[in-house]
Every structure is written in C-alpha cells, then in structure tokens.
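Just below is one structure, and these are the notes that go with it.
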There are 2 protein chains.
Amino acid sequence: MYRKVAADLREAITTGAYGEAGRLPAEGALAEKYGVSRGTVRQALAVLRSDGLVTSRRGTRRVVLGGARVQSFSELLSFTHWAYSMGEEPGGILDSLVRRPADAAECEQLRLEPGAEVYVTVRLRTLSGTPVMVERTIYPPRVGEIVAELPTDVVSHTEVLREHGILFTDADHTIDVVTANAVDARLLGCRRGGPLLRERRRTTDPTGTPVEWSQDRYLPGTVAFSVHNSLATSALSRHARDGD
Amino acid sequence: MYRKVAADLREAITTGAYGEAGRLPAEGALAEKYGVSRGTVRQALAVLRSDGLVTSRRGTRRVVLGGARVQSFSELLSFTHWAYSMGEEPGGILDSLVRRPADAAECEQLRLEPGAEVYVTVRLRTLSGTPVMVERTIYPPRVGEIVAELPTDVVSHTEVLREHGILFTDADHTIDVVTANAVDARLLGCRRGGPLLRERRRTTDPTGTPVEWSQDRYLPGTVAFSVHNSLATSALSRHARDGD
DNA sequence: GAGTGGTCTAGACCACAAC
DNA sequence: TTGTGGTCTAGACCACTCG
C-alpha cells in the first residue's frame, strides 16, 4: 500500500524521472494515479521526506533534493550487512569474551539491577581481510547467554540473535574521536594513542528493553557517518563532551 | 493542534509522569483527553517517536524509551545557538574571506554553473574564549555577498542571513576524522597532523537550493554527535571513505 | 476474545506561494 | 485567484499482543 507508492516514487526519483531539483506531481494527482486516497500518498511522501529525498512546503509542489543516500536499518546496525552491501567480505575475529558483574554505567545503559552480570565481547572486524574496526559489545544476560554459546567463527552475531527472537528496532548513536589503547593498537595495527572514530550505540527491542551496548572504534579513513535532517524532522544533535 | 499535544506529552514523559519504560495511554484515550481526533493524536505521537522518546508496536501500548535528548534544528545548524543553549559564550574570529571561482566539487555541491564564483570564509570558533573548532564555509554568490558585507565581529552569520530572508531548512551531514593542516594547527593551537573530528554539512533552503557548504573541524574531546534511529525512521547511514 | 496500534478512506477547511 | 501542501475529522477494518 503506502510502501508500494513510496518505493515507486523513490525509484522514479533516483532514476531521475523528475530531474534534480525537479518538482513532483501534486498529491491529488498521485492519489489518482495510484488509485489511493490522498492520506495514503501523504504517508508515502512522509517517508521520502524523512529520507531527505524531497522537500515539502505549503503552496508549492514538492522538490527533489540531491545527495540523498539512505541505508536500511539493519545495514546500519550490522557490520556484516553493511559489508555485503558494499561488495566486501566481512570478518570477525573474537579477541575475548568474558562474563562479569556490570558496573554502574552498564546497569544504567542496559537497565539492569545493580550486581547483575553482563557478557562482554571484543572483536576485530575486517573488510575483505583488512582490519577496520574494534567492536566492544556489552550484552545483558538474556542476550549474552546466546552469544557465549556461539562458535568463534560466526561472523554475524546480529543475524543469529534475530533467529533467536532477539529483535533490534531502536538505536541511539553517539559519534566522537578517541585515542587507541593497547588493545586497539594490537588488533588494528595502529599506533597506541593514535586517533580512532568511535561510534557508541545502545540498541533496544520493540518493548524498549536494551539488548546491547556497543562501542565500535574505526581506523581513520575507513568510514564516515551521514545524517539528513530538516526543520520538520530533526534526529541529530551535538553535545559537549565533558565526561564520558 | 497536534504540536500542542506533542509538547504536552513530551513534557509529561520527560518529567517522568509515565516512568522510564512505562506505558502511555491508548491513542483513543489520549484523543478523548485532548478533545481531538485519533489522527491528530497519532500525528503528535509520530513526532515523539521520531525523536526517540517512545516506541510503537501493533497490539501494545507505546513504551517510554530512555536516553532521548533532541535539539532544535537551529541549535544544530548554528554554533551560536548551540553555545547559548549550553550557557557558553560563542565567539567567531574571522581568519580569511575570499571570493574566487568555484571548483568542480563546489559547483556540484552548491549546484552552480561551471565558472561561477563562491565566497569562502575561514573562522575560528570559540566557547567562552576557548578555541574549539575551525569552520570553513563556502557560500554561493547570492549568500556570500551578504556575508562579505558583514563586520568581522558578527558572531552569528546564520542569524544575519535569516534576517535577510535566507532560510535554512534541510541539511546533510557527514562526520569523520581528519588530520589538522597548517591552518587548523595555527588557529586551534594543536599539533599539525593531529586528529580532528570533522563535520561536513550542505544546507538548502525550502526550495531545495543549496545555501552553504561547510566543513567544521573540532578539537577532540570538545563535541560528540548523537543520532536516534529506528526501523521506522532511519536517517543515519555509514559509508566507506575511499575518496573525499 | 478484548484491546491496541497500523492502515486506509472521503471529505473538509485553511495558510501559503505563485501567477 | 488558483492550486498547493498542512491539518483535522469520523469512521472503518485489520494484524497483532496479551491474558
């Protein structure tokens, strides 16, 4: 239904049917064309707008915006999906996996009782054999128990967890720069104290329960993160970094 | 209006009226409470969902998500607004302002004819006197002409441009790590070759016309960028960095 | 089975842009 | 003045969750 309309319009836009900076047909016209109500068309257009593909303004037809490149949610959460989408071979070398009591920050992030145990994994992630990122993930018990049972050569934890009914639906990301510690330097082959692009991510399932708290450290020059936002939908924010 | 409902619910949620991980009333109940239709309530809830405040799932009441902190769009685009929102005094020291022909990449980004001229500013931005960021902004002629006429002690270019009818409504951001060049090092007082957190940003007005292409380089430890996304609304993406 | 959010409809009025 | 998107309504049916 509205997804179909959105997909069709996205296709038309990205193939340049309306041209860069071109104008879309009126909502009414689209509704008639697809045989749906105007409300459904608006729902489809809301998707495109939040992806940064089109503008929207009272009084004027919608305009096609350039430079819109969006990934699916799973491509964003899963290093493995991301790698495949670029035609690279993802790798994951387990460096350590321990179970230990959670500290205060971890209890806070994963919404656990004080004293609860967590599972901590450290993995070197590679693209076609080249070291790219060190991934430190902290799992609550329910999830960690599954990860701990996995063979060490399983590349995609996300995929396995999904098969076990652990769903990832919402994530908060924070991006900044840190310096490499001894472990980072050893795994990535960079200088200790050298800069790394860090992405911290807390992911929750549909019920709002945290399922992972992860910290990924990328070698400079291997990745960049992109965000689109607009007056209408603003998801990005900028923070001072006093503490950690 | 739906904005009022959204604001009221946001207030109630952030003050903890429903508790962390608590459940919201049903849409029908909210509609009755506010005396509006269910559609309007849903519109309000869509705002909160895209801000990462609540979940949404068929069959279950909406759940309050923790860790949601969103800034207004102008706080994000304007260093000045951001500084004030943190209680800091923003500063801007103009290092250079030149007019010159645009190169190919600049024509592409600002959607200019080959050979068009652009205005390039380099400014050191400070928070309460402390150097934080070097800002390189490229303006198309229409905008640059205004900026070029400004006294050098004007802190907020964004504010002035808004008064001149130049509106900022959509932005694409890309975040990565770069090393400081000679100018960065001189202005920020860091080592040449040292790491900086870079945010590149292309901003357009309501008609989709680019109004600035900016590159901000932050000292490590001064800022972090945050994004919320979910299966429903995904604005963030991750890219490989081959070229520039 | 009862309650919930997801989707869709058909119609209405308004604010705004552009001619 | 005309056409556009923004907002709101009232009602409907469905898919899903949960007890």
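Each chain in the structure tokens gets a letter, A, B and so on, in the order shown; residues start at 1 in every chain, and ligands are counted from 1 in the order they appear.
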Compile the residues of chain A that lie within 9 Å of chain D, evaluated using only C-alpha atoms (C1' of nucleotides), and express the compilation as a PDB file with C-alpha atoms, in the first residue's frame.
```pdb
ATOM      1  CA  ALA A  26       0.569  17.215  -6.753  1.00  0.00           C
ATOM      2  CA  GLU A  27      -0.621  14.895  -4.006  1.00  0.00           C
ATOM      3  CA  SER A  56       7.667  19.895   1.435  1.00  0.00           C
ATOM      4  CA  ARG A  57       6.189  23.336   1.703  1.00  0.00           C
ATOM      5  CA  ARG A  58       2.747  24.755   1.739  1.00  0.00           C
ATOM      6  CA  GLY A  59       1.714  26.306  -1.522  1.00  0.00           C
ATOM      7  CA  THR A  60       4.310  24.653  -3.745  1.00  0.00           C
ATOM      8  CA  ARG A  61       4.895  21.291  -5.295  1.00  0.00           C
ATOM      9  CA  ARG A  62       7.461  19.107  -3.612  1.00  0.00           C
TER      10      ARG A  62
END
```
inquiry  = According to DSSP computed on the backbone, where in region 2-115 of chain B is there strand (DSSP E)? Give the residues as a PyMOL selection string.
reply    = chain B and resi 90-101
Output all heavy atoms for every residue in that selection, as an mmCIF file, in the first residue's frame.
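Dumped everything to again23.cif:
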```
data_model
loop_
_atom_site.group_PDB
_atom_site.id
_atom_site.type_symbol
_atom_site.label_atom_id
_atom_site.label_comp_id
_atom_site.auth_asym_id
_atom_site.auth_seq_id
_atom_site.Cartn_x
_atom_site.Cartn_y
_atom_site.Cartn_z
ATOM 1 N N PRO B 90 29.548 32.182 22.780
ATOM 2 C CA PRO B 90 30.153 31.822 21.492
ATOM 3 C C PRO B 90 31.028 32.947 20.957
ATOM 4 O O PRO B 90 30.767 34.120 21.198
ATOM 5 C CB PRO B 90 28.928 31.634 20.590
ATOM 6 C CG PRO B 90 27.922 32.578 21.159
ATOM 7 C CD PRO B 90 28.157 32.601 22.654
ATOM 8 N N GLY B 91 32.090 32.570 20.249
ATOM 9 C CA GLY B 91 32.931 33.565 19.599
ATOM 10 C C GLY B 91 33.265 33.133 18.191
ATOM 11 O O GLY B 91 33.241 31.940 17.866
ATOM 12 N N GLY B 92 33.547 34.112 17.328
ATOM 13 C CA GLY B 92 33.930 33.797 15.957
ATOM 14 C C GLY B 92 34.985 34.775 15.477
ATOM 15 O O GLY B 92 34.725 35.965 15.393
ATOM 16 N N ILE B 93 36.199 34.290 15.214
ATOM 17 C CA ILE B 93 37.273 35.158 14.759
ATOM 18 C C ILE B 93 37.551 34.866 13.293
ATOM 19 O O ILE B 93 37.972 33.758 12.933
ATOM 20 C CB ILE B 93 38.552 34.922 15.587
ATOM 21 C CG1 ILE B 93 38.266 35.241 17.059
ATOM 22 C CG2 ILE B 93 39.696 35.762 15.053
ATOM 23 C CD1 ILE B 93 39.316 34.719 18.010
ATOM 24 N N LEU B 94 37.277 35.863 12.459
ATOM 25 C CA LEU B 94 37.454 35.660 11.023
ATOM 26 C C LEU B 94 38.937 35.576 10.674
ATOM 27 O O LEU B 94 39.716 36.469 11.009
ATOM 28 C CB LEU B 94 36.813 36.822 10.258
ATOM 29 C CG LEU B 94 36.818 36.688 8.730
ATOM 30 C CD1 LEU B 94 35.959 35.511 8.297
ATOM 31 C CD2 LEU B 94 36.350 37.974 8.071
ATOM 32 N N ASP B 95 39.313 34.496 10.012
ATOM 33 C CA ASP B 95 40.710 34.338 9.616
ATOM 34 C C ASP B 95 40.910 34.804 8.178
ATOM 35 O O ASP B 95 41.881 35.460 7.849
ATOM 36 C CB ASP B 95 41.135 32.882 9.759
ATOM 37 C CG ASP B 95 42.612 32.693 9.467
ATOM 38 O OD1 ASP B 95 43.421 33.264 10.218
ATOM 39 O OD2 ASP B 95 42.940 32.004 8.492
ATOM 40 N N SER B 96 39.968 34.458 7.318
ATOM 41 C CA SER B 96 40.062 34.909 5.929
ATOM 42 C C SER B 96 38.702 34.861 5.262
ATOM 43 O O SER B 96 37.830 34.083 5.638
ATOM 44 C CB SER B 96 41.060 34.032 5.155
ATOM 45 O OG SER B 96 40.574 32.714 5.051
ATOM 46 N N LEU B 97 38.542 35.738 4.277
ATOM 47 C CA LEU B 97 37.325 35.731 3.473
ATOM 48 C C LEU B 97 37.745 36.074 2.056
ATOM 49 O O LEU B 97 38.256 37.169 1.810
ATOM 50 C CB LEU B 97 36.322 36.761 3.996
ATOM 51 C CG LEU B 97 34.895 36.719 3.429
ATOM 52 C CD1 LEU B 97 33.952 37.502 4.317
ATOM 53 C CD2 LEU B 97 34.818 37.226 1.995
ATOM 54 N N VAL B 98 37.569 35.141 1.148
ATOM 55 C CA VAL B 98 37.976 35.398 -0.238
ATOM 56 C C VAL B 98 36.847 35.058 -1.200
ATOM 57 O O VAL B 98 35.982 34.234 -0.901
ATOM 58 C CB VAL B 98 39.232 34.574 -0.623
ATOM 59 C CG1 VAL B 98 40.387 34.889 0.310
ATOM 60 C CG2 VAL B 98 38.928 33.091 -0.614
ATOM 61 N N ARG B 99 36.887 35.716 -2.338
ATOM 62 C CA ARG B 99 35.968 35.387 -3.423
ATOM 63 C C ARG B 99 36.799 34.798 -4.539
ATOM 64 O O ARG B 99 37.827 35.366 -4.911
ATOM 65 C CB ARG B 99 35.248 36.632 -3.911
ATOM 66 C CG ARG B 99 34.166 36.317 -4.923
ATOM 67 C CD ARG B 99 33.388 37.551 -5.286
ATOM 68 N NE ARG B 99 34.230 38.537 -5.968
ATOM 69 C CZ ARG B 99 33.735 39.541 -6.707
ATOM 70 N NH1 ARG B 99 32.441 39.694 -6.811
ATOM 71 N NH2 ARG B 99 34.536 40.393 -7.294
ATOM 72 N N ARG B 100 36.390 33.657 -5.045
ATOM 73 C CA ARG B 100 37.176 33.014 -6.098
ATOM 74 C C ARG B 100 36.276 32.089 -6.904
ATOM 75 O O ARG B 100 35.173 31.756 -6.467
ATOM 76 C CB ARG B 100 38.330 32.230 -5.483
ATOM 77 C CG ARG B 100 37.894 31.151 -4.516
ATOM 78 C CD ARG B 100 39.036 30.196 -4.225
ATOM 79 N NE ARG B 100 38.679 29.220 -3.192
ATOM 80 C CZ ARG B 100 37.856 28.199 -3.379
ATOM 81 N NH1 ARG B 100 37.255 28.026 -4.548
ATOM 82 N NH2 ARG B 100 37.609 27.352 -2.405
ATOM 83 N N PRO B 101 36.742 31.669 -8.072
ATOM 84 C CA PRO B 101 35.931 30.747 -8.886
ATOM 85 C C PRO B 101 35.748 29.410 -8.150
ATOM 86 O O PRO B 101 36.661 28.952 -7.457
ATOM 87 C CB PRO B 101 36.773 30.553 -10.152
ATOM 88 C CG PRO B 101 37.692 31.729 -10.192
ATOM 89 C CD PRO B 101 37.974 32.082 -8.768
#
```
Starting from chain B, keep only residues with some atom at most 6 Å from an atom of chain A, counting only C-alpha atoms, and report them as a tab-separated table (two decimals) with N, CA and C atoms, in the first residue's frame.
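To be explicit, this is the file written out as result07.tsv:
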```tsv
chain	number	residue	atom	x	y	z
B	51	ASP	N	11.67	11.35	17.54
B	51	ASP	CA	12.67	11.90	18.47
B	51	ASP	C	13.23	10.83	19.39
B	65	LEU	N	10.92	5.36	25.98
B	65	LEU	CA	12.32	4.99	25.82
B	65	LEU	C	13.20	5.94	26.61
B	71	GLN	N	17.80	18.23	20.02
B	71	GLN	CA	17.96	19.67	19.93
B	71	GLN	C	17.10	20.21	18.80
B	73	PHE	N	16.43	22.31	15.41
B	73	PHE	CA	17.19	22.34	14.17
B	73	PHE	C	18.19	23.49	14.17
B	169	THR	N	16.58	25.04	5.87
B	169	THR	CA	15.53	24.08	6.27
B	169	THR	C	15.96	22.62	6.19
B	170	ASP	N	16.89	22.29	5.33
B	170	ASP	CA	17.33	20.90	5.20
B	170	ASP	C	18.85	20.85	5.20
B	171	ALA	N	19.41	19.81	5.84
B	171	ALA	CA	20.85	19.68	5.87
B	171	ALA	C	21.29	18.23	5.78
B	172	ASP	N	22.36	17.99	5.04
B	172	ASP	CA	23.00	16.69	5.02
B	172	ASP	C	24.33	16.81	5.73
B	173	HIS	N	24.57	15.92	6.70
B	173	HIS	CA	25.79	15.96	7.49
B	173	HIS	C	26.62	14.71	7.23
B	174	THR	N	27.93	14.88	7.17
B	174	THR	CA	28.83	13.74	7.12
B	174	THR	C	29.91	13.94	8.17
B	175	ILE	N	30.14	12.89	8.97
B	175	ILE	CA	31.06	13.01	10.11
B	175	ILE	C	32.19	12.01	9.98
B	176	ASP	N	33.42	12.48	10.09
B	176	ASP	CA	34.56	11.58	10.06
B	176	ASP	C	35.76	12.21	10.78
B	177	VAL	N	36.92	11.60	10.64
B	177	VAL	CA	38.13	12.10	11.29
B	177	VAL	C	39.12	12.55	10.23
B	195	PRO	N	44.64	14.68	15.22
B	195	PRO	CA	43.28	14.32	14.79
B	195	PRO	C	42.25	15.41	15.10
B	208	GLY	N	14.95	23.94	-1.98
B	208	GLY	CA	15.93	22.92	-2.34
B	208	GLY	C	17.22	23.50	-2.89
B	220	PRO	N	39.48	17.26	19.37
B	220	PRO	CA	38.98	16.05	20.04
B	220	PRO	C	38.57	16.36	21.46
B	221	GLY	N	37.50	15.75	21.90
B	221	GLY	CA	37.06	15.92	23.27
B	221	GLY	C	36.15	17.11	23.50
B	222	THR	N	35.89	17.89	22.45
B	222	THR	CA	35.02	19.05	22.66
B	222	THR	C	33.56	18.76	22.30
B	223	VAL	N	33.35	17.85	21.36
B	223	VAL	CA	31.97	17.55	20.97
B	223	VAL	C	31.78	16.08	20.67
B	224	ALA	N	30.51	15.68	20.68
B	224	ALA	CA	30.11	14.38	20.17
B	224	ALA	C	28.79	14.59	19.45
B	225	PHE	N	28.53	13.77	18.44
B	225	PHE	CA	27.27	13.88	17.72
B	225	PHE	C	26.40	12.69	18.05
B	226	SER	N	25.11	12.96	18.23
B	226	SER	CA	24.19	11.89	18.58
B	226	SER	C	23.06	11.79	17.57
B	227	VAL	N	22.63	10.57	17.33
B	227	VAL	CA	21.51	10.32	16.43
B	227	VAL	C	20.64	9.23	17.02
B	228	HIS	N	19.35	9.41	16.88
B	228	HIS	CA	18.47	8.29	17.18
B	228	HIS	C	17.87	7.80	15.89
B	229	ASN	N	17.79	6.49	15.74
B	229	ASN	CA	17.02	6.00	14.61
B	229	ASN	C	16.36	4.68	14.95
B	230	SER	N	15.41	4.32	14.12
B	230	SER	CA	14.65	3.10	14.38
B	230	SER	C	14.26	2.47	13.07
B	231	LEU	N	13.73	1.28	13.17
B	231	LEU	CA	13.27	0.57	11.99
B	231	LEU	C	12.36	1.45	11.14
B	235	ALA	N	17.57	7.77	9.47
B	235	ALA	CA	18.19	8.91	8.79
B	235	ALA	C	19.70	8.78	8.73
B	236	LEU	N	20.23	7.92	9.59
B	236	LEU	CA	21.69	7.79	9.67
B	236	LEU	C	22.18	6.73	8.70
B	237	SER	N	23.37	6.94	8.17
B	237	SER	CA	23.98	5.87	7.38
B	237	SER	C	25.49	5.89	7.55
B	238	ARG	N	26.09	4.81	7.13
B	238	ARG	CA	27.53	4.63	7.31
B	238	ARG	C	28.14	4.41	5.94
B	239	HIS	N	29.23	5.10	5.66
B	239	HIS	CA	29.83	5.00	4.33
B	239	HIS	C	31.30	4.62	4.41
B	240	ALA	N	31.75	3.93	3.39
B	240	ALA	CA	33.18	3.74	3.25
B	240	ALA	C	33.78	5.06	2.80
B	241	ARG	N	35.05	5.28	3.13
B	241	ARG	CA	35.69	6.53	2.73
B	241	ARG	C	36.84	6.26	1.79
```
All alpha helix (DSSP H) positions in region 85-134 of chain B, as a PyMOL selection string = chain B and resi 85+104-110
query = Which residues of chain A are close to chain C, meaning at most 12 Å apart when you count only C-alpha atoms (C1' of nucleotides), and how do they look as a PyMOL selection string?
reply = chain A and resi 1-3+31+35-44+57-61
Test item: residues at most 10 Å from Arg142 (chain A), only C-alpha atoms (C1' of nucleotides), excluding those fewer than 5 positions along its chain, as a JSON list (two decimals) with all heavy atoms, in the first residue's frame:
```
[["chain", "number", "residue", "atom", "x", "y", "z"],
["A", 118, "VAL", "N", 26.98, -9.21, 33.08],
["A", 118, "VAL", "CA", 26.90, -8.91, 31.65],
["A", 118, "VAL", "C", 27.96, -9.74, 30.91],
["A", 118, "VAL", "O", 28.90, -10.23, 31.52],
["A", 118, "VAL", "CB", 27.14, -7.42, 31.36],
["A", 118, "VAL", "CG1", 25.99, -6.57, 31.85],
["A", 118, "VAL", "CG2", 28.45, -6.95, 31.96],
["A", 119, "TYR", "N", 27.75, -9.87, 29.62],
["A", 119, "TYR", "CA", 28.72, -10.54, 28.76],
["A", 119, "TYR", "C", 29.41, -9.48, 27.92],
["A", 119, "TYR", "O", 28.74, -8.64, 27.31],
["A", 119, "TYR", "CB", 28.03, -11.56, 27.85],
["A", 119, "TYR", "CG", 27.46, -12.74, 28.59],
["A", 119, "TYR", "CD1", 26.31, -12.61, 29.37],
["A", 119, "TYR", "CD2", 28.06, -13.99, 28.52],
["A", 119, "TYR", "CE1", 25.79, -13.69, 30.05],
["A", 119, "TYR", "CE2", 27.54, -15.08, 29.19],
["A", 119, "TYR", "CZ", 26.40, -14.92, 29.96],
["A", 119, "TYR", "OH", 25.89, -15.99, 30.63],
["A", 147, "VAL", "N", 25.02, -15.46, 22.81],
["A", 147, "VAL", "CA", 26.28, -15.13, 22.14],
["A", 147, "VAL", "C", 27.42, -16.01, 22.65],
["A", 147, "VAL", "O", 28.28, -16.46, 21.88],
["A", 147, "VAL", "CB", 26.63, -13.64, 22.35],
["A", 147, "VAL", "CG1", 28.01, -13.31, 21.80],
["A", 147, "VAL", "CG2", 25.58, -12.75, 21.69],
["A", 166, "ILE", "N", 15.62, -12.30, 19.18],
["A", 166, "ILE", "CA", 16.07, -11.02, 19.75],
["A", 166, "ILE", "C", 15.99, -9.98, 18.64],
["A", 166, "ILE", "O", 16.73, -10.04, 17.67],
["A", 166, "ILE", "CB", 17.52, -11.11, 20.26],
["A", 166, "ILE", "CG1", 17.70, -12.30, 21.19],
["A", 166, "ILE", "CG2", 17.92, -9.79, 20.93],
["A", 166, "ILE", "CD1", 17.14, -12.11, 22.56],
["A", 211, "VAL", "N", 19.12, -4.29, 24.44],
["A", 211, "VAL", "CA", 19.65, -5.61, 24.08],
["A", 211, "VAL", "C", 21.15, -5.59, 23.83],
["A", 211, "VAL", "O", 21.77, -6.65, 23.80],
["A", 211, "VAL", "CB", 18.93, -6.18, 22.83],
["A", 211, "VAL", "CG1", 17.50, -6.55, 23.19],
["A", 211, "VAL", "CG2", 18.95, -5.19, 21.69]]
```
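For the set B:Thr152, B:Lys33, B:Val134, B:Leu53, the residue with the smallest atom-to-atom gap to Glu11 (chain B) is B:Leu53, counting only C-alpha atoms.
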inquiry  = Give me the residues near Arg186 (chain A) as JSON, numbers by chain, where near means some atom within 12 Å (using only C-alpha atoms (C1' of nucleotides)) and where sequence neighbours in that chain fewer than 2 positions away do not count.
reply    = {"A": [95, 123, 124, 131, 133, 134, 180, 181, 182, 183, 184, 188, 189, 190, 191, 192, 193, 194]}
Would you mind exporting the chosen residues as a PDB file, in the first residue's frame, restricted to C-alpha atoms?
```
ATOM      1  CA  ASP A  95      39.582 -11.457  20.881  1.00  0.00           C
ATOM      2  CA  ARG A 123      36.118  -8.474  18.260  1.00  0.00           C
ATOM      3  CA  LEU A 124      38.296  -7.284  15.424  1.00  0.00           C
ATOM      4  CA  PRO A 131      41.366  -4.662   9.821  1.00  0.00           C
ATOM      5  CA  MET A 133      37.274  -1.683  13.461  1.00  0.00           C
ATOM      6  CA  VAL A 134      37.382  -2.971  17.023  1.00  0.00           C
ATOM      7  CA  ALA A 180      43.732   3.952  20.643  1.00  0.00           C
ATOM      8  CA  ASN A 181      44.528   1.986  23.775  1.00  0.00           C
ATOM      9  CA  ALA A 182      46.870  -1.013  23.880  1.00  0.00           C
ATOM     10  CA  VAL A 183      44.198  -3.480  22.744  1.00  0.00           C
ATOM     11  CA  ASP A 184      43.059  -1.254  19.890  1.00  0.00           C
ATOM     12  CA  LEU A 188      44.176  -2.745  14.381  1.00  0.00           C
ATOM     13  CA  GLY A 189      47.901  -2.461  13.920  1.00  0.00           C
ATOM     14  CA  CYS A 190      47.905   1.249  14.595  1.00  0.00           C
ATOM     15  CA  ARG A 191      49.950   3.361  16.938  1.00  0.00           C
ATOM     16  CA  ARG A 192      48.912   3.443  20.571  1.00  0.00           C
ATOM     17  CA  GLY A 193      47.458   6.876  21.215  1.00  0.00           C
ATOM     18  CA  GLY A 194      46.532   7.277  17.560  1.00  0.00           C
TER      19      GLY A 194
END
```
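Ranking A:Gly87, A:Gly165, A:Gly28, A:Gly19 by their shortest atom-to-atom distance to Val143 (chain A), with only C-alpha atoms included, puts A:Gly165 first.
Put simply, CA of His81 (chain B) is 25.0 Å away from CA of Ile13 (chain B).
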